[in-house]
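**Student:** One structure, pasted below without further comment.
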Amino acid sequence: RQQKWKSSVSTQAKMPPCDFVPEKYESYPYERMRKIREQNIAPSLRTYYKKPLLLHQGHMQWLFDHEGRRYLDLFAGIVTVSVGHCHPKVTMATQKQLARLWHTTNIYMYPAIHEYAEKLISLFPDPLKVVYLTNSGSEANDLAMFMARLHTHNFDIISLRGGYHGGSPYTLGLTSLTPYKHGVANGFGCTTTMLPDVFRGPWGGSHCRDSPVQTVRKCSCTKGACLAKDQYIEQFKDTLNTSVPKTVAGFIAEPIQGVNGAVQYPRNFLKEAYQLIRERGGLCISDEVQTGFGRTGSHFWGFQTHGVVPDIVTLAKGIGNGFPMAAVVTTKEIASSLAQNLHFNTFGGNPLACVVGAAVLDAIEEDGLQKNSEDVGTYMLLELAKLREKFEIVGDVRGKGLMIGVEMVTDKDSRRPLPAEEISQIWEDCKDMGVLIGRGGLYSQTFRIKPPMCITKRDVNFAVEVFHTALQKHMERVA
């Protein structure tokens, strides 16, 4: 039987019903788990919450802890559980393959890699028709950098400040968030440029972004002309004219920044930036690790929302619903540059990974998850926008589909980040009431809401009510 628990914060919100009953937890006691964590697991792997959760089982949008408590998962294992925890279709396909063939490596032919490559590539526009399978997003971005440099015979790569492209020594140069930076030499040949953030940046207005919710900033733009976009493009040109050689290897950007808190650029910024890069001989890389697979709702890939076709696309996270897999998709011509020498990946595209990947694509289509992301995501954005009107500390609500950020501020005029300890308390209260959300942004000031794409409007009503209660409770505390 599922245990009832009393939250330390009371809410009128009723958690939507769930007919799934988790198995009884039978592993080590909580305190022993904490001890192992402290003694045997690297301390750089930090946990969320003052009293870390000990999670035991998952079902679609729900997670269960060791005491049988149920949580609505609005962070999806950091935007990774795309179709739902333990999705029956994906689970069944994996079990079947587990009994058939785990691994041979891609030096042999086996059905799964060919079936999956054809299925995945069919979702891309021409000329993006070749895939190289890897195991993680960092690895995919690492390879994309390598390909761009090999193919162009140039070295310099530009990324946006606030971007997250991985934690490997190579990709760390592209990742532009201080908490991820270690004091070792990295980023040789990597240059960052100003982030076109229409909420926090120097320019931005109330029509800039492709979102149902715009910023509260005012601007004097007219229809079809965005002053903020023009200013940020000038900054981009400034970087090209001062910080890199006349020719570059490439430019990498997330269609919507993930770790930085669902930051969106002004419309047409990417289109113009791509053009400027191509004029200098560079390749354009779209990091779809968080925005891919229908999460933005209106399109299957984030780059499509900007009306561009990149030269290289990197995929991970939602590609495998939690299975460690990733991919680099590019043109035949660019892929050929890598074929001049050996470049081998032992586990990339192994039979298990490819079967999982194919089942995820089937689930997205059969469950109508792209449409669900659009409908439920838009509904949630508009509901959260009502809280922005009500609370001075809710500075910005933004995003597209089920890629949502809520940026917290001391007040809307200054846009100063709300202190971390205050945000932590709101975050803890949400958890105590049964809702798990992520954190992001340079000052950890943005709540990241990126749930499994199967969530419902009923779940949203519950989550928004819980968030509302946590905000009210915070205002009482401050008062």
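In the structure tokens, chains take the letters A, B, ... in the order shown, each chain's residues start at 1, and ligands count up from 1 in the order shown.
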So which residues of stretch 77-236 of chain A fall under helix (DSSP H, G or I) by DSSP, listed as an MDAnalysis selection string?

**Tutor:** chainID A and resid 77:79 88:98 111:121 137:152 171:173 178:180 227:236

**Student:** Write the residues you've just listed into a file as a short mmCIF file (atom, residue, chain, number, x, y, z; two decimals), in the first residue's frame, and include C-alpha atoms for each of them.

**Tutor:**
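Wrote out_29.cif, looks like this:
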data_model
loop_
_atom_site.label_atom_id
_atom_site.label_comp_id
_atom_site.auth_asym_id
_atom_site.auth_seq_id
_atom_site.Cartn_x
_atom_site.Cartn_y
_atom_site.Cartn_z
CA GLY A 77 16.12 13.39 -14.75
CA ILE A 78 17.48 16.68 -16.16
CA VAL A 79 15.33 16.78 -19.31
CA PRO A 88 5.89 0.15 -21.34
CA LYS A 89 6.74 0.21 -25.06
CA VAL A 90 10.40 1.14 -24.47
CA THR A 91 10.70 -1.31 -21.56
CA MET A 92 9.26 -4.17 -23.62
CA ALA A 93 11.52 -3.51 -26.63
CA THR A 94 14.58 -3.33 -24.34
CA GLN A 95 13.71 -6.58 -22.53
CA LYS A 96 13.29 -8.37 -25.84
CA GLN A 97 16.67 -7.15 -27.10
CA LEU A 98 18.37 -7.96 -23.76
CA PRO A 111 19.68 -5.02 -37.70
CA ALA A 112 19.19 -2.47 -34.91
CA ILE A 113 21.75 0.13 -36.02
CA HIS A 114 20.49 0.19 -39.63
CA GLU A 115 16.80 0.25 -38.69
CA TYR A 116 17.41 3.04 -36.19
CA ALA A 117 19.65 5.14 -38.45
CA GLU A 118 16.99 5.09 -41.19
CA LYS A 119 14.20 5.95 -38.74
CA LEU A 120 16.12 8.80 -37.05
CA ILE A 121 17.43 10.34 -40.29
CA GLY A 137 25.84 14.75 -24.97
CA SER A 138 29.34 15.87 -23.99
CA GLU A 139 30.74 13.21 -26.29
CA ALA A 140 28.44 14.27 -29.14
CA ASN A 141 29.46 17.94 -28.81
CA ASP A 142 33.10 16.94 -28.51
CA LEU A 143 32.81 15.08 -31.82
CA ALA A 144 30.90 17.96 -33.45
CA MET A 145 33.76 20.35 -32.58
CA PHE A 146 36.26 17.85 -33.93
CA MET A 147 34.32 17.42 -37.19
CA ALA A 148 33.95 21.18 -37.69
CA ARG A 149 37.69 21.70 -37.27
CA LEU A 150 38.63 18.77 -39.50
CA HIS A 151 36.22 19.75 -42.24
CA THR A 152 36.91 23.49 -42.40
CA THR A 171 33.57 20.92 -24.47
CA LEU A 172 34.30 22.87 -21.29
CA GLY A 173 35.67 25.58 -23.57
CA THR A 178 31.18 29.66 -14.03
CA PRO A 179 30.03 26.79 -11.74
CA TYR A 180 31.15 24.29 -14.40
CA LEU A 227 15.72 46.49 -32.17
CA ALA A 228 17.03 44.04 -29.56
CA LYS A 229 17.87 41.48 -32.25
CA ASP A 230 19.72 44.15 -34.27
CA GLN A 231 21.76 45.20 -31.22
CA TYR A 232 22.71 41.61 -30.33
CA ILE A 233 23.73 40.93 -33.94
CA GLU A 234 26.00 44.01 -33.75
CA GLN A 235 27.64 42.44 -30.68
CA PHE A 236 28.03 39.16 -32.58
#

**Student:** Hey, what's within 12 Å of A:Pro22 if we count only C-alpha atoms and toss same-chain stuff fewer than 4 positions away? As a list in words, please?

**Tutor:**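 Listed by chain and then number, they are Arg1, Gln2, Gln3, Cys18, Glu26, Leu55, His56, Gln57, Gly58, His59, Trp62, Leu63, Phe64, Asp65, His66, Glu67, Gly68, Arg69 and Arg70 of chain A.
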
**Student:** What's the separation between atom CA of A:Asp429 and atom CA of A:Gln61, in Å to one decimal place?

**Tutor:**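 Interatomic distance here is 19.5 Å.
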
**Student:** Using DSSP secondary structure from the backbone, list all strand (DSSP E or B) positions within stretch 223-462 of chain A, as an NGL selection string.

**Tutor:** :A and (225 or 250-253 or 257 or 263 or 283-287 or 312-315 or 326-330 or 394-400 or 403-409 or 417 or 435-436 or 438-440 or 446-449)

**Student:** For A:Gly440, work out the shell of residues within 8 Å, counting only C-alpha atoms and skipping chain neighbours fewer than 3 positions away, then give it as a VMD selection string.

**Tutor:** chain A and resid 258 to 261 443 to 448

**Student:** Generate a file of the selected residues that holds all heavy atoms, formatted as a PDB file, in the first residue's frame.

**Tutor:**
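Dumped everything to out-v1.pdb:
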ATOM      1  N   GLY A 258      19.390  25.568 -22.064  1.00  0.00           N
ATOM      2  CA  GLY A 258      18.810  24.680 -21.061  1.00  0.00           C
ATOM      3  C   GLY A 258      19.281  24.957 -19.647  1.00  0.00           C
ATOM      4  O   GLY A 258      18.529  25.450 -18.809  1.00  0.00           O
ATOM      5  N   VAL A 259      20.554  24.668 -19.360  1.00  0.00           N
ATOM      6  CA  VAL A 259      21.090  24.816 -18.008  1.00  0.00           C
ATOM      7  C   VAL A 259      20.965  26.270 -17.532  1.00  0.00           C
ATOM      8  O   VAL A 259      20.770  26.540 -16.355  1.00  0.00           O
ATOM      9  CB  VAL A 259      22.560  24.329 -17.951  1.00  0.00           C
ATOM     10  CG1 VAL A 259      23.184  24.589 -16.589  1.00  0.00           C
ATOM     11  CG2 VAL A 259      22.617  22.831 -18.277  1.00  0.00           C
ATOM     12  N   ASN A 260      21.028  27.205 -18.466  1.00  0.00           N
ATOM     13  CA  ASN A 260      20.944  28.616 -18.102  1.00  0.00           C
ATOM     14  C   ASN A 260      19.501  29.064 -17.817  1.00  0.00           C
ATOM     15  O   ASN A 260      19.262  30.244 -17.572  1.00  0.00           O
ATOM     16  CB  ASN A 260      21.578  29.481 -19.198  1.00  0.00           C
ATOM     17  CG  ASN A 260      21.953  30.865 -18.699  1.00  0.00           C
ATOM     18  OD1 ASN A 260      22.150  31.080 -17.502  1.00  0.00           O
ATOM     19  ND2 ASN A 260      22.033  31.822 -19.597  1.00  0.00           N
ATOM     20  N   GLY A 261      18.557  28.136 -17.872  1.00  0.00           N
ATOM     21  CA  GLY A 261      17.197  28.479 -17.444  1.00  0.00           C
ATOM     22  C   GLY A 261      16.232  28.840 -18.561  1.00  0.00           C
ATOM     23  O   GLY A 261      15.517  29.829 -18.478  1.00  0.00           O
ATOM     24  N   TYR A 443      22.934  32.398 -11.549  1.00  0.00           N
ATOM     25  CA  TYR A 443      22.863  32.566 -10.095  1.00  0.00           C
ATOM     26  C   TYR A 443      21.932  31.525  -9.479  1.00  0.00           C
ATOM     27  O   TYR A 443      21.457  31.696  -8.375  1.00  0.00           O
ATOM     28  CB  TYR A 443      22.366  33.985  -9.751  1.00  0.00           C
ATOM     29  CG  TYR A 443      23.082  35.065 -10.525  1.00  0.00           C
ATOM     30  CD1 TYR A 443      22.499  35.630 -11.654  1.00  0.00           C
ATOM     31  CD2 TYR A 443      24.357  35.488 -10.146  1.00  0.00           C
ATOM     32  CE1 TYR A 443      23.167  36.598 -12.388  1.00  0.00           C
ATOM     33  CE2 TYR A 443      25.028  36.461 -10.878  1.00  0.00           C
ATOM     34  CZ  TYR A 443      24.434  37.013 -12.004  1.00  0.00           C
ATOM     35  OH  TYR A 443      25.097  37.972 -12.731  1.00  0.00           O
ATOM     36  N   SER A 444      21.638  30.467 -10.252  1.00  0.00           N
ATOM     37  CA  SER A 444      20.697  29.427  -9.813  1.00  0.00           C
ATOM     38  C   SER A 444      19.346  30.050  -9.466  1.00  0.00           C
ATOM     39  O   SER A 444      18.648  29.609  -8.572  1.00  0.00           O
ATOM     40  CB  SER A 444      21.284  28.687  -8.601  1.00  0.00           C
ATOM     41  OG  SER A 444      20.741  27.406  -8.531  1.00  0.00           O
ATOM     42  N   GLN A 445      19.000  31.125 -10.216  1.00  0.00           N
ATOM     43  CA  GLN A 445      17.813  31.916  -9.891  1.00  0.00           C
ATOM     44  C   GLN A 445      16.572  31.513 -10.697  1.00  0.00           C
ATOM     45  O   GLN A 445      15.505  32.084 -10.536  1.00  0.00           O
ATOM     46  CB  GLN A 445      18.108  33.413 -10.128  1.00  0.00           C
ATOM     47  CG  GLN A 445      18.015  33.903 -11.572  1.00  0.00           C
ATOM     48  CD  GLN A 445      19.236  33.599 -12.434  1.00  0.00           C
ATOM     49  OE1 GLN A 445      19.995  32.683 -12.156  1.00  0.00           O
ATOM     50  NE2 GLN A 445      19.418  34.358 -13.497  1.00  0.00           N
ATOM     51  N   THR A 446      16.725  30.521 -11.576  1.00  0.00           N
ATOM     52  CA  THR A 446      15.616  30.156 -12.452  1.00  0.00           C
ATOM     53  C   THR A 446      15.146  28.734 -12.176  1.00  0.00           C
ATOM     54  O   THR A 446      15.959  27.813 -12.125  1.00  0.00           O
ATOM     55  CB  THR A 446      16.047  30.297 -13.935  1.00  0.00           C
ATOM     56  OG1 THR A 446      16.524  31.624 -14.151  1.00  0.00           O
ATOM     57  CG2 THR A 446      14.880  30.025 -14.867  1.00  0.00           C
ATOM     58  N   PHE A 447      13.844  28.587 -11.985  1.00  0.00           N
ATOM     59  CA  PHE A 447      13.277  27.249 -11.866  1.00  0.00           C
ATOM     60  C   PHE A 447      13.130  26.666 -13.270  1.00  0.00           C
ATOM     61  O   PHE A 447      12.581  27.320 -14.162  1.00  0.00           O
ATOM     62  CB  PHE A 447      11.911  27.286 -11.162  1.00  0.00           C
ATOM     63  CG  PHE A 447      12.008  27.619  -9.700  1.00  0.00           C
ATOM     64  CD1 PHE A 447      11.376  28.736  -9.175  1.00  0.00           C
ATOM     65  CD2 PHE A 447      12.741  26.814  -8.832  1.00  0.00           C
ATOM     66  CE1 PHE A 447      11.477  29.053  -7.823  1.00  0.00           C
ATOM     67  CE2 PHE A 447      12.858  27.117  -7.477  1.00  0.00           C
ATOM     68  CZ  PHE A 447      12.218  28.243  -6.975  1.00  0.00           C
ATOM     69  N   ARG A 448      13.644  25.462 -13.436  1.00  0.00           N
ATOM     70  CA  ARG A 448      13.582  24.802 -14.746  1.00  0.00           C
ATOM     71  C   ARG A 448      12.488  23.740 -14.721  1.00  0.00           C
ATOM     72  O   ARG A 448      12.533  22.817 -13.915  1.00  0.00           O
ATOM     73  CB  ARG A 448      14.931  24.163 -15.075  1.00  0.00           C
ATOM     74  CG  ARG A 448      16.042  25.172 -15.266  1.00  0.00           C
ATOM     75  CD  ARG A 448      17.401  24.504 -15.262  1.00  0.00           C
ATOM     76  NE  ARG A 448      17.601  23.656 -16.419  1.00  0.00           N
ATOM     77  CZ  ARG A 448      18.544  22.714 -16.501  1.00  0.00           C
ATOM     78  NH1 ARG A 448      19.363  22.493 -15.489  1.00  0.00           N
ATOM     79  NH2 ARG A 448      18.682  21.995 -17.586  1.00  0.00           N
TER      80      ARG A 448
END

**Student:** Leaving out A:Pro52 and any residue of its chain fewer than 4 positions from it, which residues lie within 10 Å of it when counting only C-alpha atoms, given as a list in words?

**Tutor:** Tyr30, Arg34, Arg46, Thr47 and Tyr48 of chain A

**Student:** In Å, how far is it from atom CA of A:Ile41 to atom CA of A:Cys430?

**Tutor:**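 One can read the atom CA of A:Ile41 to atom CA of A:Cys430 distance as 27.2 Å.
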
**Student:** Distance atom CA of A:Gly307-atom CA of A:Thr222, one decimal place?

**Tutor:**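 Going from atom CA of A:Gly307 over to atom CA of A:Thr222 covers 20.7 Å.
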
**Student:** Within 7 Å of stretch 268-284 of chain A, counting only C-alpha atoms, which residues show up once you throw out same-chain ones fewer than 5 positions away? Write them as a PyMOL selection string, please.

**Tutor:** chain A and resi 148+152+229+233+246-252+306-308+310-312

**Student:** Please save C-alpha atoms of the selected residues as a CSV table (one decimal), in the first residue's frame.

**Tutor:**
chain,number,residue,atom,x,y,z
A,148,ALA,CA,34.0,21.2,-37.7
A,152,THR,CA,36.9,23.5,-42.4
A,229,LYS,CA,17.9,41.5,-32.3
A,233,ILE,CA,23.7,40.9,-33.9
A,246,LYS,CA,39.0,35.9,-40.5
A,247,THR,CA,37.9,32.3,-40.9
A,248,VAL,CA,36.4,30.2,-38.2
A,249,ALA,CA,35.6,26.5,-37.7
A,250,GLY,CA,32.1,27.0,-36.4
A,251,PHE,CA,29.4,28.4,-34.1
A,252,ILE,CA,27.4,26.3,-31.6
A,306,HIS,CA,14.3,29.4,-35.8
A,307,GLY,CA,13.9,28.6,-39.5
A,308,VAL,CA,17.5,27.4,-40.0
A,310,PRO,CA,22.4,23.6,-39.3
A,311,ASP,CA,25.5,21.8,-40.7
A,312,ILE,CA,25.8,19.6,-37.6

**Student:** A:Pro255, A:Pro452, A:Gly189, A:Pro29: which is nearest A:Gly318, counting only C-alpha atoms?

**Tutor:** A:Pro452

**Student:** Could you list, as JSON, numbers by chain, every residue within 8 Å of A:Val83, counting only C-alpha atoms and ignoring same-chain residues fewer than 3 positions away?

**Tutor:** {"A": [60, 87, 318, 321, 360, 363, 364, 369, 452, 453, 454]}
